[in-house]
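Trainee: File name upload_17.txt; file contents compact mmCIF, C-alpha atoms; full text below.
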# COMPACT_ATOMS: atom_id res chain seq x y z
CA GLU A 1 12.00 91.81 -54.74
CA GLU A 2 10.75 88.64 -53.13
CA GLU A 3 14.21 87.06 -53.44
CA GLU A 4 15.83 90.09 -51.74
CA GLU A 5 13.35 89.97 -48.83
CA GLU A 6 14.05 86.25 -48.35
CA GLU A 7 17.80 86.81 -48.27
CA ASN A 8 17.43 89.67 -45.76
CA GLY A 9 15.27 87.47 -43.44
CA MET A 10 17.78 84.66 -43.47
CA ALA A 11 20.64 87.05 -42.70
CA GLU A 12 18.76 88.51 -39.72
CA ALA A 13 18.03 84.99 -38.36
CA GLN A 14 21.69 84.08 -38.58
CA ALA A 15 22.73 87.30 -36.86
CA HIS A 16 20.41 86.77 -33.88
CA ALA A 17 21.20 83.06 -33.51
CA ALA A 18 23.64 82.13 -30.69
CA PRO A 19 26.82 80.31 -31.69
CA ALA A 20 26.33 76.57 -31.33
CA GLY A 21 28.71 74.36 -29.44
CA PRO A 22 30.54 71.53 -31.10
CA GLN A 23 28.12 68.99 -29.61
CA GLN A 24 25.04 70.57 -31.28
CA GLN A 25 26.45 71.35 -34.73
CA ALA A 26 24.90 68.35 -36.38
CA GLY A 27 21.46 69.17 -34.93
CA ASN A 28 21.63 72.85 -35.94
CA GLU A 29 22.64 71.98 -39.48
CA THR A 30 19.65 69.70 -39.74
CA MET A 31 17.30 72.44 -38.50
CA GLU A 32 18.75 75.01 -40.95
CA LEU A 33 18.26 72.67 -43.87
CA GLY A 34 14.67 72.13 -42.85
CA GLN A 35 13.95 75.89 -42.51
CA SER A 36 15.54 76.79 -45.86
CA ALA A 37 13.53 74.11 -47.59
CA ALA A 38 10.34 75.43 -46.05
CA ALA A 39 11.17 79.03 -47.05
CA GLU A 40 11.85 78.09 -50.65
CA ALA A 41 8.56 76.22 -50.78
CA GLU A 42 6.64 79.32 -49.55
CA ALA A 43 8.56 81.76 -51.75
CA GLU A 44 8.07 79.94 -55.03
CA PRO A 45 4.59 78.44 -55.04
CA GLU A 46 4.37 78.98 -58.78
CA ARG A 47 7.32 76.74 -59.48
CA ARG A 48 5.60 73.67 -57.91
CA GLU A 49 4.46 70.89 -60.10
CA PRO A 50 0.83 69.74 -59.95
CA GLU A 51 -0.15 68.43 -56.56
CA VAL A 52 0.84 64.86 -55.96
CA PRO A 53 0.27 62.98 -52.69
CA ALA A 54 3.38 63.64 -50.61
CA PRO A 55 5.24 60.63 -49.25
CA ALA A 56 5.18 60.00 -45.53
CA PRO A 57 7.72 62.18 -43.77
CA GLU A 58 10.85 60.36 -42.62
CA PRO A 59 11.64 60.55 -38.91
CA GLN A 60 14.18 63.23 -38.27
CA PRO A 61 17.36 62.17 -36.54
CA ALA A 62 17.32 62.67 -32.80
CA ILE A 63 19.40 65.38 -31.29
CA GLN A 64 22.61 63.95 -30.02
CA GLN A 65 23.14 63.96 -26.29
CA SER A 66 26.12 65.29 -24.48
CA GLY A 67 29.15 63.08 -23.94
CA LYS A 68 28.40 62.49 -20.26
CA GLY A 69 24.80 61.46 -20.90
CA ARG A 70 25.85 59.06 -23.62
CA GLU A 71 28.44 57.41 -21.36
CA SER A 72 25.96 56.96 -18.48
CA GLN A 73 23.44 55.36 -20.82
CA VAL A 74 26.05 52.91 -22.09
CA GLU A 75 26.98 51.96 -18.51
CA GLN A 76 23.32 51.33 -17.55
CA THR A 77 22.82 49.11 -20.60
CA ALA A 78 25.95 47.13 -19.74
CA ASP A 79 24.75 46.62 -16.12
CA LYS A 80 21.35 45.33 -17.29
CA SER A 81 22.94 42.88 -19.72
CA LYS A 82 25.18 41.54 -16.92
CA GLU A 83 22.17 40.99 -14.62
CA GLN A 84 20.27 39.16 -17.37
CA ASN A 85 23.26 36.95 -18.14
CA ARG A 86 23.75 36.21 -14.45
CA LYS A 87 20.23 34.84 -13.87
CA GLY A 88 20.22 31.03 -13.64
CA VAL A 89 24.00 30.81 -13.45
CA LYS A 90 25.50 29.15 -10.39
CA ARG A 91 27.51 31.50 -8.27
CA PRO A 92 31.21 30.76 -7.90
CA HIS A 93 32.37 29.28 -4.61
CA GLU A 94 33.85 32.55 -3.41
CA ASP A 95 30.37 34.13 -3.48
CA HIS A 96 28.95 31.63 -0.93
CA GLY A 97 28.72 32.89 2.61
CA ARG A 98 29.63 31.14 5.82
CA GLY A 99 26.08 29.94 6.39
CA TYR A 100 26.14 27.99 3.15
CA TYR A 101 29.12 25.88 4.17
CA GLU A 102 27.70 25.30 7.66
CA TYR A 103 24.49 24.03 6.06
CA ILE A 104 26.44 21.65 3.79
CA GLU A 105 28.47 20.26 6.68
CA GLU A 106 25.33 19.78 8.80
CA ASN A 107 23.57 17.85 6.04
CA LYS A 108 26.67 15.74 5.39
CA TYR A 109 27.22 14.54 8.92
CA ARG A 110 23.71 14.74 10.38
CA ARG A 111 22.05 11.39 11.12
CA SER A 112 18.79 10.85 9.26
CA LYS A 113 15.70 11.00 11.42
CA SER A 114 14.18 7.67 12.44
CA PRO A 115 10.65 7.01 11.13
CA LEU A 116 7.79 7.45 13.53
CA PRO A 117 6.61 4.21 15.16
CA PRO A 118 3.48 2.73 13.56
CA VAL A 119 0.15 3.35 15.21
CA GLU A 120 -1.05 0.34 17.16
CA GLU A 121 -4.44 -1.10 16.34
CA ASP A 122 -7.18 -0.07 18.71
CA GLU A 123 -8.31 -3.07 20.70
CA GLU A 124 -11.89 -2.67 21.82
CA GLU A 125 -13.01 -4.26 25.03
CA PHE A 126 -14.47 -7.68 24.39
CA ASP A 127 -15.97 -10.24 26.74
CA ASP A 128 -13.34 -12.96 26.81
CA THR A 129 -15.86 -15.57 27.93
CA VAL A 130 -17.65 -15.34 24.57
CA VAL A 131 -16.63 -17.81 21.87
CA ALA A 132 -15.54 -15.77 18.84
CA LEU A 133 -12.83 -15.59 16.21
CA ASP A 134 -9.45 -15.11 17.89
CA THR A 135 -7.59 -11.97 16.79
CA TYR A 136 -4.31 -13.52 17.97
CA ASN A 137 -4.70 -17.07 16.68
CA CYS A 138 -5.13 -16.12 13.01
CA ASP A 139 -3.14 -15.02 9.96
CA LEU A 140 -1.93 -11.43 9.78
CA HIS A 141 -3.89 -10.83 6.57
CA PHE A 142 -7.12 -12.30 7.98
CA LYS A 143 -9.33 -9.30 8.80
CA ILE A 144 -11.74 -10.06 11.61
CA ASN A 145 -14.85 -7.90 12.00
CA ARG A 146 -15.38 -5.73 15.06
CA ASP A 147 -18.00 -8.11 16.44
CA ARG A 148 -15.50 -10.99 15.90
CA PHE A 149 -18.10 -13.23 14.29
CA GLY A 150 -17.12 -12.53 10.68
CA ALA A 151 -13.92 -12.19 8.67
CA MET A 152 -12.37 -11.98 5.22
CA PRO A 153 -8.80 -12.09 3.86
CA LEU A 154 -6.94 -9.25 2.20
CA THR A 155 -7.43 -9.46 -1.56
CA MET A 156 -5.53 -6.52 -3.11
CA GLU A 157 -2.61 -7.17 -5.46
CA GLY A 158 -0.66 -10.36 -4.62
CA PHE A 159 -2.75 -11.10 -1.54
CA ALA A 160 -5.42 -12.54 -3.84
CA TYR A 161 -3.10 -15.55 -4.29
CA LEU A 162 -2.92 -16.16 -0.54
CA TRP A 163 -5.13 -18.25 1.68
CA ALA A 164 -5.96 -16.83 5.10
CA GLY A 165 -7.29 -18.62 8.14
CA GLY A 166 -8.20 -18.31 11.78
CA ARG A 167 -9.45 -20.24 14.77
CA ALA A 168 -12.05 -19.65 17.46
CA SER A 169 -10.97 -18.47 20.88
CA TYR A 170 -12.16 -21.67 22.60
CA GLY A 171 -11.87 -25.38 21.90
CA VAL A 172 -13.53 -28.50 23.31
CA ILE A 173 -12.44 -31.94 24.51
CA LYS A 174 -15.78 -33.68 25.19
CA GLY A 175 -19.47 -33.74 24.38
CA LYS A 176 -21.38 -33.23 21.13
CA ILE A 177 -20.55 -29.76 19.90
CA CYS A 178 -21.36 -27.77 16.76
CA PHE A 179 -21.17 -24.37 15.07
CA GLU A 180 -22.35 -22.87 11.79
CA MET A 181 -20.48 -21.02 9.05
CA LYS A 182 -22.01 -18.99 6.21
CA VAL A 183 -20.19 -17.95 3.04
CA SER A 184 -21.42 -14.36 2.92
CA GLU A 185 -19.55 -13.15 -0.18
CA LYS A 186 -17.15 -14.08 -2.94
CA VAL A 187 -14.87 -11.05 -3.06
CA PRO A 188 -14.19 -9.89 -6.67
CA VAL A 189 -10.54 -10.36 -7.72
CA LYS A 190 -10.48 -9.21 -11.35
CA HIS A 191 -6.74 -8.50 -11.19
CA LEU A 192 -5.93 -12.23 -11.07
CA PRO A 193 -4.84 -13.87 -14.35
CA ALA A 194 -7.40 -15.65 -16.48
CA ASP A 195 -5.79 -19.07 -15.89
CA GLN A 196 -6.80 -18.89 -12.23
CA THR A 197 -9.73 -21.27 -12.67
CA ASP A 198 -11.32 -20.99 -9.22
CA PRO A 199 -10.06 -18.08 -7.12
CA HIS A 200 -12.80 -18.52 -4.48
CA GLU A 201 -12.88 -21.32 -1.95
CA VAL A 202 -13.52 -21.99 1.74
CA ARG A 203 -12.48 -24.84 4.03
CA VAL A 204 -13.99 -25.26 7.46
CA GLY A 205 -13.41 -27.76 10.24
CA TRP A 206 -11.38 -28.40 13.39
CA SER A 207 -7.70 -28.36 14.38
CA LEU A 208 -5.29 -28.13 17.32
CA ASP A 209 -4.41 -24.61 18.45
CA SER A 210 -0.67 -25.24 17.87
CA TYR A 211 -1.08 -26.19 14.20
CA SER A 212 -0.55 -23.94 11.21
CA MET A 213 -3.41 -21.97 9.71
CA LEU A 214 -3.43 -24.19 6.61
CA LEU A 215 -6.47 -26.26 7.53
CA GLY A 216 -6.12 -29.86 6.32
CA ASP A 217 -2.31 -29.70 6.13
CA GLU A 218 -1.63 -31.89 9.20
CA GLU A 219 -2.94 -35.09 10.73
CA LEU A 220 -5.21 -33.57 13.38
CA SER A 221 -6.36 -30.77 11.09
CA VAL A 222 -9.56 -31.69 9.23
CA GLY A 223 -11.69 -29.63 6.88
CA TYR A 224 -14.53 -29.71 4.37
CA SER A 225 -13.84 -27.74 1.20
CA GLY A 226 -16.19 -25.83 -1.09
CA ASN A 227 -15.08 -27.89 -4.09
CA GLY A 228 -16.75 -30.97 -2.63
CA THR A 229 -13.77 -32.60 -0.93
CA LYS A 230 -12.58 -33.36 2.59
CA CYS A 231 -8.98 -32.58 3.53
CA SER A 232 -6.59 -33.87 6.19
CA ASN A 233 -2.83 -34.44 6.39
CA CYS A 234 -2.38 -32.95 2.89
CA LYS A 235 -4.73 -35.55 1.40
CA SER A 236 -8.12 -34.85 -0.12
CA GLU A 237 -11.05 -37.09 -1.02
CA GLU A 238 -14.46 -36.46 -2.49
CA TYR A 239 -17.10 -35.74 0.12
CA GLY A 240 -20.55 -34.20 0.26
CA GLU A 241 -21.46 -31.47 -2.20
CA LYS A 242 -19.91 -28.29 -3.50
CA PHE A 243 -20.92 -25.12 -1.69
CA GLY A 244 -20.49 -21.43 -2.33
CA GLU A 245 -21.91 -17.99 -1.67
CA ASN A 246 -24.84 -17.81 0.80
CA ASP A 247 -24.56 -21.50 1.70
CA VAL A 248 -24.49 -22.45 5.39
CA ILE A 249 -22.29 -25.30 6.55
CA GLY A 250 -22.94 -27.00 9.90
CA CYS A 251 -19.85 -28.44 11.61
CA PHE A 252 -20.36 -31.20 14.19
CA ILE A 253 -17.93 -33.10 16.43
CA ASN A 254 -18.85 -36.07 18.64
CA PHE A 255 -16.48 -37.02 21.45
CA ASP A 256 -18.93 -39.56 22.95
CA ALA A 257 -18.42 -42.19 20.24
CA ASP A 258 -15.65 -44.82 20.32
CA GLU A 259 -13.68 -42.58 18.00
CA VAL A 260 -14.05 -38.82 17.67
CA GLU A 261 -16.39 -38.28 14.70
CA VAL A 262 -16.49 -35.14 12.58
CA SER A 263 -19.51 -34.57 10.30
CA TYR A 264 -21.05 -31.74 8.28
CA SER A 265 -24.33 -30.46 6.90
CA LYS A 266 -25.16 -28.13 4.01
CA ASN A 267 -28.15 -25.82 4.44
CA GLY A 268 -29.59 -28.19 7.05
CA GLN A 269 -29.02 -31.38 5.03
CA ASP A 270 -26.84 -33.98 6.76
CA LEU A 271 -23.78 -35.03 4.73
CA GLY A 272 -22.67 -37.86 7.01
CA VAL A 273 -19.43 -38.55 8.89
CA ALA A 274 -16.34 -37.17 7.17
CA PHE A 275 -13.53 -38.04 9.62
CA LYS A 276 -12.85 -40.42 12.50
CA ILE A 277 -10.02 -39.54 14.88
CA GLY A 278 -8.58 -41.98 17.38
CA LYS A 279 -8.78 -40.71 20.95
CA ASP A 280 -5.28 -41.98 21.62
CA CYS A 281 -4.05 -39.55 18.96
CA LEU A 282 -5.75 -36.59 20.61
CA THR A 283 -4.47 -37.43 24.12
CA ASP A 284 -7.03 -35.08 25.68
CA ARG A 285 -5.97 -32.14 23.49
CA ALA A 286 -8.73 -29.72 22.51
CA LEU A 287 -9.96 -29.21 18.95
CA PHE A 288 -10.83 -25.67 17.87
CA PRO A 289 -13.23 -24.43 15.18
CA HIS A 290 -11.09 -23.45 12.19
CA VAL A 291 -11.69 -21.79 8.81
CA LEU A 292 -9.44 -21.21 5.81
CA CYS A 293 -10.55 -18.72 3.15
CA HIS A 294 -9.46 -17.86 -0.36
CA ASN A 295 -11.01 -14.53 -1.45
CA CYS A 296 -14.25 -15.20 0.43
CA ALA A 297 -15.95 -13.50 3.37
CA VAL A 298 -17.51 -15.69 6.05
CA GLU A 299 -19.79 -15.36 9.09
CA PHE A 300 -20.07 -17.64 12.11
CA ASN A 301 -22.72 -18.69 14.56
CA PHE A 302 -21.06 -20.13 17.67
CA GLY A 303 -24.35 -19.94 19.55
CA GLN A 304 -24.58 -16.15 19.95
CA LEU A 305 -27.63 -16.01 17.63
CA GLU A 306 -31.03 -16.55 19.17
CA THR A 307 -32.09 -18.68 16.20
CA PRO A 308 -29.61 -20.80 14.21
CA TYR A 309 -29.49 -20.61 10.42
CA PHE A 310 -30.84 -24.18 10.26
CA PRO A 311 -32.07 -26.62 12.92
CA ILE A 312 -29.41 -28.82 14.49
CA PRO A 313 -29.75 -32.37 15.87
CA GLU A 314 -31.29 -32.49 19.35
CA ASP A 315 -28.30 -34.10 21.04
CA PHE A 316 -25.83 -31.41 19.85
CA ILE A 317 -25.25 -27.99 21.40
CA PHE A 318 -23.43 -24.91 20.16
CA ILE A 319 -19.93 -24.37 21.51
CA GLN A 320 -21.01 -21.15 23.22
CA GLN A 321 -23.44 -23.16 25.36
CA VAL A 322 -20.66 -25.35 26.75
CA PRO A 323 -19.88 -24.29 30.33
CA LEU A 324 -16.82 -22.05 30.56
CA GLU A 325 -14.95 -24.48 32.83
CA GLU A 326 -15.35 -27.23 30.22
CA ARG A 327 -13.98 -25.12 27.38
CA VAL A 328 -10.27 -24.72 26.61
CA ARG A 329 -8.99 -21.20 25.99
CA GLY A 330 -6.61 -20.75 23.09
CA PRO A 331 -3.18 -19.11 23.48
CA LYS A 332 -3.11 -15.42 24.31
CA GLY A 333 -0.62 -12.95 22.91
CA PRO A 334 1.58 -10.39 24.71
CA ASN A 335 -0.27 -7.69 26.59
CA THR A 336 2.16 -4.89 25.67
CA LYS A 337 4.71 -4.17 22.95
CA GLY A 338 7.44 -4.51 25.56
CA GLU A 339 6.59 -8.19 25.98
CA CYS A 340 6.87 -8.95 22.26
CA GLU A 341 9.85 -10.82 20.81
CA VAL A 342 11.36 -10.19 17.37
CA LEU A 343 14.10 -12.52 16.13
CA MET A 344 15.96 -11.72 12.88
CA MET A 345 18.03 -14.44 11.24
CA VAL A 346 21.52 -13.37 10.07
CA GLY A 347 24.02 -15.72 8.45
CA LEU A 348 25.67 -16.97 5.30
CA PRO A 349 23.65 -18.83 2.66
CA GLY A 350 23.19 -22.48 3.54
CA SER A 351 24.25 -22.01 7.13
CA GLY A 352 21.01 -23.47 8.51
CA LYS A 353 19.00 -20.38 9.45
CA SER A 354 15.66 -21.73 8.26
CA VAL A 355 16.32 -25.11 9.85
CA TRP A 356 16.92 -23.42 13.18
CA VAL A 357 13.70 -21.41 12.77
CA SER A 358 11.71 -24.59 12.14
CA LYS A 359 13.11 -26.28 15.24
CA HIS A 360 12.69 -23.21 17.44
CA SER A 361 9.09 -22.59 16.40
CA ALA A 362 8.30 -26.31 16.88
CA ALA A 363 9.73 -26.13 20.40
CA HIS A 364 7.39 -23.18 21.11
CA PRO A 365 4.16 -24.08 19.26
CA GLY A 366 1.84 -21.20 18.50
CA LYS A 367 4.21 -18.56 19.82
CA TYR A 368 5.90 -17.14 16.72
CA ASN A 369 4.75 -15.75 13.38
CA ILE A 370 7.42 -16.38 10.72
CA LEU A 371 7.88 -13.56 8.19
CA GLY A 372 9.61 -14.45 4.93
CA THR A 373 8.93 -15.19 1.28
CA ASN A 374 9.28 -18.93 1.91
CA ASN A 375 6.45 -18.86 4.42
CA ILE A 376 4.32 -16.72 2.09
CA MET A 377 4.88 -19.19 -0.73
CA ASP A 378 3.56 -21.97 1.50
CA ILE A 379 0.19 -20.23 1.79
CA MET A 380 0.08 -19.43 -1.95
CA LYS A 381 -1.54 -22.76 -2.70
CA VAL A 382 -2.82 -22.92 -6.27
CA LEU A 383 -5.28 -25.74 -6.98
CA SER A 384 -3.35 -28.09 -4.67
CA PHE A 385 -1.99 -28.35 -1.16
CA LYS A 386 1.68 -28.25 -2.16
CA ARG A 387 3.57 -25.62 -4.09
CA GLN A 388 3.51 -26.20 -7.83
CA LYS A 389 7.15 -26.58 -8.74
CA THR A 390 6.61 -28.08 -12.18
CA ASP A 391 5.40 -24.86 -13.84
CA ARG A 392 8.46 -22.59 -13.77
CA GLY A 393 6.61 -19.61 -15.23
CA LYS A 394 3.89 -19.75 -12.59
CA LEU A 395 6.45 -20.28 -9.83
CA THR A 396 8.39 -17.18 -10.92
CA THR A 397 5.20 -15.12 -10.85
CA LEU A 398 4.33 -16.35 -7.36
CA ILE A 399 7.82 -15.55 -6.08
CA GLN A 400 7.48 -11.97 -7.35
CA GLN A 401 4.07 -11.63 -5.71
CA ALA A 402 5.38 -13.08 -2.44
CA THR A 403 8.22 -10.56 -2.34
CA GLN A 404 5.77 -7.69 -2.76
CA CYS A 405 3.49 -9.09 -0.05
CA LEU A 406 6.35 -9.39 2.45
CA SER A 407 6.75 -5.61 2.88
CA LYS A 408 3.02 -5.30 3.55
CA PHE A 409 3.17 -8.15 6.06
CA ILE A 410 5.91 -6.33 7.96
CA GLU A 411 3.78 -3.17 8.07
CA ILE A 412 0.83 -5.13 9.47
CA ALA A 413 3.05 -6.96 11.96
CA ALA A 414 4.37 -3.69 13.38
CA ARG A 415 0.85 -2.74 14.50
CA LYS A 416 0.04 -6.00 16.28
CA LYS A 417 1.23 -7.38 19.61
CA ARG A 418 2.80 -10.65 18.53
CA ASN A 419 6.11 -12.49 18.45
CA TYR A 420 7.94 -12.66 15.12
CA ILE A 421 10.85 -14.35 13.42
CA LEU A 422 12.23 -12.60 10.33
CA ASP A 423 13.60 -15.34 8.09
CA GLN A 424 14.12 -13.96 4.59
CA THR A 425 15.75 -16.80 2.63
CA ASN A 426 18.46 -16.20 0.02
Since I need it in another form, could you write the structure as structure tokens?

Mentor:
Amino acid sequence: EEEEEEENGMAEAQAHAAPAGPQQQAGNETMELGQSAAAEAEAEPERREPEVPAPAPEPQPAIQQSGKGRESQVEQTADKSKEQNRKGVKRPHEDHGRGYYEYIEENKYRRSKSPLPPVEEDEEEFDDTVVALDTYNCDLHFKINRDRFGAMPLTMEGFAYLWAGGRASYGVIKGKICFEMKVSEKVPVKHLPADQTDPHEVRVGWSLDSYSMLLGDEELSVGYSGNGTKCSNCKSEEYGEKFGENDVIGCFINFDADEVEVSYSKNGQDLGVAFKIGKDCLTDRALFPHVLCHNCAVEFNFGQLETPYFPIPEDFIFIQQVPLEERVRGPKGPNTKGECEVLMMVGLPGSGKSVWVSKHSAAHPGKYNILGTNNIMDIMKVLSFKRQKTDRGKLTTLIQQATQCLSKFIEIAARKKRNYILDQTN
């Protein structure tokens, strides 16, 4: 009886069911199989074997979509794959618009913009009647303090190899005149090689305003060095004592003697006469206070201090106390950038460019600053007055350092009102 009732129920379900389309036949067959299996399980409970944990039901296949839906889904998937493949791929030339080609042509033929002019150094108002360090009559890498009574050279990178010097703004031609210099600091230069035995030194003395900044390099350029020597005309002799940080050196010049006498003192102790200069050699030309530093900072007392560092002889006076009409003013630079001259040497190797520069600068003493590696090498004096040509390894190192310093020199020169000659040798 139970089997007959089951068969009758299945027949009635089939009779009431609507005929399925060809697209849904597979889904209907799956549903019928599932229903018949469920009916058999309910109708014959006694036939079941002892209960065993049933395995997890498998996911039934999804009902298939219509043909149109399936086609639209395939098209969407294809579009997405094209977009993903297109990312990061350069577009073909035909995809570029008109603006793209105009931009390319503009960049190709447009002239590059000129760099902005360098900012000029601010020149504070200063009483020109005061004797001080001259901001014009000094090396480019000699940094003078704002009060103009102290200075120090640049010491970064290759500049630590260079000497830097400067002169006072006024010189003298008669009387007994003096000034004081104090070594205020030995600037640390740890980036120098270990074989640089003494990277700190100072020379102080007198020179003509038309001479180079290398004190002691010419006949009427005299100086007392911190290593205990006196220097003039590229010759050095032992003199006095060594001096260093915090020592005060008194510099004295006597025009009243038969010959012009130059003497020094260290911390108030007289060291005696160092140089005698014939008056016929000077021919009434003024001598200026001069200092040459190597990685040292210095301070000066030209008479602006109420009390000197150490007492001076009674018959000497500081240069600041000399009447203005008896002092000789050093050369002054151009007032504006428009008055500055810049000469650049152009020519074949060995054509005589540097020779012409030497003659032209000698014909106009004190007017031009020469920019070039040759000139930088001249102020890279290492333990002697002349360039060390015997040590090829050291010379190569100095040439590399000089080349690096030249670009910095040009940057500094662009901010100052001076006259320049660019003479970069081959």

Trainee: Find the spatial neighbours of range 285-301 of chain A, counting all atoms listed in the file, within a cut-off of 7 Å - ignore same-chain residues fewer than 5 positions away - and output them as a VMD selection string.

Mentor: chain A and resid 149 to 153 155 160 162 to 168 170 to 173 179 to 187 199 to 209 214 to 215 328

Trainee: Please provide the set of residues having any atom within 8 Å of range 376-379 of chain A, restricted to all atoms listed in the file, with same-chain residues fewer than 2 positions apart removed, written as a ChimeraX atom specification.

Mentor: /A:162-164,214,371-374,381,386-387,398-399,402,405-406

Trainee: Mind pulling up the distance from CA of Val248 in chain A to CA of Asp270 in chain A?

Mentor: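 Pair CA of Asp270 in chain A / CA of Val248 in chain A returns 11.8 Å.
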
Trainee: Could you check which of A:Val262, A:His141, A:Lys190, A:Pro334 is closest to Ala413 in chain A, using only C-alpha atoms?

Mentor: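 Going through A:Val262, A:His141, A:Lys190, A:Pro334 one by one, the smallest distance to Ala413 in chain A is for A:His141.
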
Trainee: Mind pulling up the distance from CA of Ser354 in chain A to CA of Arg415 in chain A?

Mentor: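 That distance, rounded to one decimal, is 24.9 Å.
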
Trainee: One decimal, Å: what's the distance from CA of Asp423 in chain A over to CA of Asp217 in chain A, could you say?

Mentor: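 Answer for the CA of Asp423 in chain A to CA of Asp217 in chain A separation: 21.5 Å.
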
Trainee: So which one's closest to Gly330 in chain A, A:Asn375, A:Arg146, A:Pro365, A:Leu348? Using all atoms listed in the file, please.

Mentor: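 With all atoms listed in the file as the atom set, the closest residue is A:Pro365.
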
Trainee: For Phe126 in chain A, please output as a PyMOL selection string all residues within 10 Å (counting all atoms listed in the file; exclusion window: fewer than 4 positions along the same chain).

Mentor: chain A and resi 130+132+146-148
